[in-house]
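*Asks:* Sharing input_12.cif, mmCIF, C-alpha atoms and all ligand atoms:
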```
data_input
loop_
_atom_site.label_atom_id
_atom_site.label_comp_id
_atom_site.auth_asym_id
_atom_site.auth_seq_id
_atom_site.Cartn_x
_atom_site.Cartn_y
_atom_site.Cartn_z
CA MET A 1232 -15.15 18.82 -2.35
CA SER A 1233 -18.96 18.98 -2.34
CA SER A 1234 -20.96 15.89 -1.47
CA ASN A 1235 -22.20 15.45 -5.04
CA SER A 1236 -18.90 16.05 -6.76
CA PRO A 1237 -18.33 13.52 -9.55
CA ASP A 1238 -14.71 13.45 -8.44
CA GLU A 1239 -15.38 12.09 -4.92
CA ARG A 1240 -13.23 9.04 -4.20
CA SER A 1241 -13.38 6.07 -1.84
CA LEU A 1242 -10.65 3.63 -0.80
CA VAL A 1243 -11.91 0.05 -0.95
CA LEU A 1244 -10.16 -3.13 0.17
CA ILE A 1245 -11.38 -6.46 -1.13
CA LYS A 1246 -10.20 -8.36 1.92
CA PRO A 1247 -8.20 -11.61 2.14
CA ASP A 1248 -11.34 -13.71 2.76
CA ALA A 1249 -12.80 -12.50 -0.54
CA VAL A 1250 -9.58 -13.27 -2.41
CA ARG A 1251 -9.36 -16.73 -0.77
CA ARG A 1252 -12.98 -17.48 -1.65
CA GLY A 1253 -12.65 -16.39 -5.28
CA LEU A 1254 -15.05 -13.46 -4.86
CA VAL A 1255 -12.92 -10.63 -6.28
CA GLY A 1256 -14.78 -10.65 -9.60
CA GLU A 1257 -18.18 -10.80 -7.88
CA VAL A 1258 -17.36 -7.81 -5.67
CA LEU A 1259 -15.77 -5.76 -8.45
CA SER A 1260 -18.68 -6.43 -10.78
CA ARG A 1261 -21.14 -5.00 -8.26
CA PHE A 1262 -19.18 -1.75 -8.16
CA GLU A 1263 -18.80 -1.65 -11.95
CA ARG A 1264 -22.47 -2.43 -12.62
CA LYS A 1265 -23.44 0.44 -10.30
CA GLY A 1266 -21.53 2.77 -12.63
CA LEU A 1267 -18.57 3.56 -10.40
CA ARG A 1268 -15.13 4.06 -11.93
CA ILE A 1269 -11.99 2.19 -10.88
CA ASP A 1270 -9.24 4.83 -10.72
CA ALA A 1271 -6.50 2.56 -9.30
CA MET A 1272 -6.17 -1.07 -8.26
CA VAL A 1273 -3.41 -3.27 -6.81
CA HIS A 1274 -3.08 -6.86 -5.55
CA ARG A 1275 -1.02 -6.65 -2.39
CA THR A 1276 -0.43 -8.17 1.04
CA MET A 1277 -0.78 -5.71 3.91
CA ASP A 1278 2.16 -5.66 6.31
CA ALA A 1279 1.94 -4.92 10.04
CA ALA A 1280 2.89 -1.26 9.70
CA LEU A 1281 0.30 -0.59 7.02
CA ALA A 1282 -2.36 -2.42 9.06
CA ASP A 1283 -1.61 -0.26 12.12
CA ALA A 1284 -1.74 2.91 10.01
CA HIS A 1285 -4.87 1.95 8.07
CA TYR A 1286 -6.74 0.89 11.23
CA ALA A 1287 -5.25 3.61 13.50
CA GLU A 1288 -8.63 4.28 15.12
CA HIS A 1289 -8.99 0.59 16.07
CA VAL A 1290 -5.49 -0.40 17.26
CA ASP A 1291 -6.45 -0.25 20.94
CA LYS A 1292 -9.66 -2.23 20.56
CA ALA A 1293 -10.00 -5.83 21.72
CA PHE A 1294 -10.92 -7.01 18.23
CA TYR A 1295 -7.81 -5.49 16.66
CA PRO A 1296 -5.20 -8.29 17.16
CA PRO A 1297 -7.30 -10.94 15.35
CA LEU A 1298 -8.35 -8.34 12.76
CA LYS A 1299 -4.69 -7.56 12.11
CA ASP A 1300 -3.83 -11.27 11.77
CA PHE A 1301 -6.69 -11.69 9.30
CA MET A 1302 -5.89 -8.59 7.24
CA THR A 1303 -2.16 -9.37 7.01
CA GLY A 1304 -2.69 -13.11 6.50
CA GLY A 1305 -3.02 -13.14 2.73
CA PRO A 1306 -3.26 -10.98 -0.36
CA LEU A 1307 -6.03 -8.45 -0.83
CA VAL A 1308 -7.06 -6.12 -3.63
CA ALA A 1309 -6.95 -2.37 -2.89
CA LEU A 1310 -8.76 0.03 -5.18
CA VAL A 1311 -9.85 3.61 -5.51
CA LEU A 1312 -13.39 4.10 -6.75
CA SER A 1313 -14.84 7.37 -7.96
CA GLY A 1314 -18.30 8.59 -8.87
CA ASP A 1315 -21.17 10.73 -7.63
CA GLU A 1316 -21.41 10.41 -3.81
CA VAL A 1317 -19.19 7.36 -4.09
CA ILE A 1318 -18.45 7.09 -0.34
CA ASP A 1319 -22.11 6.70 0.66
CA VAL A 1320 -22.98 4.70 -2.45
CA VAL A 1321 -20.23 2.15 -1.79
CA ARG A 1322 -21.17 1.83 1.88
CA GLY A 1323 -24.71 1.09 0.80
CA LEU A 1324 -23.55 -1.59 -1.63
CA VAL A 1325 -21.25 -3.14 1.03
CA GLY A 1326 -23.81 -3.24 3.87
CA ALA A 1327 -23.52 -3.28 7.67
CA THR A 1328 -20.25 -4.38 9.30
CA ASP A 1329 -21.60 -7.68 10.63
CA GLY A 1330 -22.36 -9.95 7.70
CA ARG A 1331 -24.93 -11.82 9.78
CA LYS A 1332 -26.94 -8.60 10.18
CA ALA A 1333 -26.25 -6.90 6.86
CA ALA A 1334 -29.27 -6.54 4.59
CA ALA A 1335 -29.86 -9.05 1.82
CA GLY A 1336 -28.81 -7.55 -1.49
CA THR A 1337 -25.65 -6.02 -0.04
CA ILE A 1338 -22.24 -7.62 -0.56
CA ARG A 1339 -21.88 -8.58 3.11
CA GLY A 1340 -25.55 -9.49 3.45
CA ASP A 1341 -25.36 -11.86 0.52
CA LEU A 1342 -21.87 -13.30 0.99
CA SER A 1343 -20.56 -12.97 4.59
CA LEU A 1344 -21.51 -14.60 7.89
CA SER A 1345 -18.89 -12.80 9.97
CA ASN A 1346 -18.27 -9.55 11.83
CA ARG A 1347 -14.54 -9.76 11.04
CA GLU A 1348 -14.26 -11.61 7.74
CA ASN A 1349 -16.70 -9.27 6.04
CA LEU A 1350 -15.13 -9.23 2.56
CA VAL A 1351 -14.78 -5.48 1.99
CA HIS A 1352 -13.52 -2.33 3.68
CA ALA A 1353 -14.76 1.03 2.39
CA SER A 1354 -13.91 4.57 3.51
CA ASP A 1355 -16.55 5.99 5.86
CA SER A 1356 -16.09 9.73 5.24
CA PRO A 1357 -14.28 12.16 2.92
CA ASP A 1358 -11.56 12.65 5.55
CA SER A 1359 -11.07 8.88 5.91
CA ALA A 1360 -10.96 8.48 2.14
CA LYS A 1361 -8.28 11.13 1.81
CA ARG A 1362 -6.18 9.59 4.59
CA GLU A 1363 -6.59 6.02 3.31
CA ILE A 1364 -5.90 6.87 -0.33
CA ALA A 1365 -2.69 8.63 0.76
CA LEU A 1366 -1.63 5.43 2.59
CA TRP A 1367 -2.39 2.99 -0.22
CA PHE A 1368 -1.90 5.09 -3.35
CA PRO A 1369 0.40 8.02 -2.46
CA GLU A 1370 0.91 8.63 -6.18
CA LEU A 1371 -2.74 9.77 -6.45
CA GLY A 1372 -2.26 12.50 -3.83
P1 LIG B 1401 -13.84 -2.54 8.29
O1 LIG B 1401 -14.88 -1.81 7.53
O2 LIG B 1401 -12.59 -2.93 7.57
O3 LIG B 1401 -13.43 -1.66 9.57
C1 LIG B 1401 -12.93 -2.22 10.76
C2 LIG B 1401 -12.99 -3.71 10.73
O4 LIG B 1401 -12.88 -4.32 11.99
C3 LIG B 1401 -14.37 -4.15 10.23
O5 LIG B 1401 -14.49 -3.88 8.88
C4 LIG B 1401 -14.35 -5.61 10.63
O6 LIG B 1401 -13.57 -6.40 9.74
C5 LIG B 1401 -13.62 -5.53 11.97
N1 LIG B 1401 -14.54 -5.45 13.08
C6 LIG B 1401 -15.31 -4.41 13.47
N2 LIG B 1401 -15.97 -4.69 14.59
C7 LIG B 1401 -15.62 -5.93 14.94
C8 LIG B 1401 -15.95 -6.78 16.01
N3 LIG B 1401 -16.80 -6.40 16.96
N4 LIG B 1401 -15.41 -8.01 16.05
C9 LIG B 1401 -14.52 -8.39 15.10
N5 LIG B 1401 -14.14 -7.62 14.05
C10 LIG B 1401 -14.69 -6.41 13.98
#
```
Just give me the structure of the file as structure tokens.
Ligand code: CMP

*Replies:*
Amino acid sequence: MSSNSPDERSLVLIKPDAVRRGLVGEVLSRFERKGLRIDAMVHRTMDAALADAHYAEHVDKAFYPPLKDFMTGGPLVALVLSGDEVIDVVRGLVGATDGRKAAAGTIRGDLSLSNRENLVHASDSPDSAKREIALWFPELG
């Protein structure tokens, strides 16, 4: 898939802190207003096995146990977005990992004060997107 393919897809999680804080509509509206398409969406609670698979690259890190507790601690909204260069576009809208350092105007910069409870996960590369979409929405494979 070329980098400017209109069919590029990204896996996005609107995390449990966003659901708890009533920010699902706010986050979704930013993606919609940008012109991205929602190809799939589900309200779901992550279990331990899915957390370990989704965050496979982080399972050995010191921050993983509290991250896992947070991510499995309540419902989230998983979605697949598509659009031109959607992976980079979504990462720009979401902002830097640490909400305290993320630029104003981004989702995390405007709405999060945490490095862990940072409201949104978004795929960071085409390979990650493919792997994550297969985990969350195998029917799209
Ligand atoms: P996410 O984009 O879902 O990818 C990995 C997640 O781990 C990240 O967002 C944060 O929620 C969390 N994270 C990354 N680094 C740290 C850290 N240093 N301390 C706590 N949580 C972190």

*Asks:* Pick out the closest residue to ligand LIG 1401 (chain B) from this set: A:Lys1332, A:Arg1275, A:Lys1246, A:Lys1265. Count all atoms listed in the file.

*Replies:* A:Lys1246

*Asks:* Any chance you could tabulate, as a tab-separated table, the residues of range 1265-1295 of chain A at most 9 Å from range 1313-1331 of chain A with each one's nearest atom pair and distance in Å to one decimal, using all atoms listed in the file, in chain and rising number order?

*Replies:*
```
residue	atom	partner	partner_atom	distance
A:Lys1265	CA	A:Leu1324	CA	8.9
A:Gly1266	CA	A:Gly1314	CA	7.6
A:Leu1267	CA	A:Gly1314	CA	5.3
A:Arg1268	CA	A:Ser1313	CA	5.2
A:Ile1269	CA	A:Ser1313	CA	6.6
A:Asp1270	CA	A:Ser1313	CA	6.7
```

*Asks:* List as a tab-separated table every residue of chain A that is in contact with ligand LIG 1401 (chain B), defined as an atom at most 8 Å from one of its atoms (using all atoms listed in the file), together with the nearest atom pair and the distance in Å rounded to one decimal, sorted by chain and then rising number.

*Replies:*
```
residue	atom	partner	partner_atom	distance
A:Leu1244	CA	B:LIG1401	O2	7.8
A:Tyr1286	CA	B:LIG1401	C1	6.9
A:His1289	CA	B:LIG1401	C1	7.2
A:Phe1294	CA	B:LIG1401	C9	5.0
A:Tyr1295	CA	B:LIG1401	O4	7.0
A:Pro1297	CA	B:LIG1401	C9	7.7
A:Leu1298	CA	B:LIG1401	N5	6.0
A:Thr1328	CA	B:LIG1401	O5	5.8
A:Asp1329	CA	B:LIG1401	N2	7.5
A:Asn1346	CA	B:LIG1401	N5	5.1
A:Arg1347	CA	B:LIG1401	N5	3.7
A:Glu1348	CA	B:LIG1401	O6	5.6
A:Asn1349	CA	B:LIG1401	O6	5.6
A:Leu1350	CA	B:LIG1401	O6	7.9
A:Val1351	CA	B:LIG1401	O2	6.5
A:His1352	CA	B:LIG1401	O2	4.0
A:Ala1353	CA	B:LIG1401	O1	5.9
A:Ser1354	CA	B:LIG1401	O1	7.6
```

*Asks:* Give me, please, the distance in Å between CA of Lys1361 in chain A and CA of Lys1299 in chain A, quoted to one decimal.

*Replies:* 21.6 Å

*Asks:* Distance CA of Leu1242 in chain A-CA of Ala1335 in chain A, one decimal place?

*Replies:*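 Taking CA of Leu1242 in chain A as the start and CA of Ala1335 in chain A as the end point, the length is 23.2 Å.
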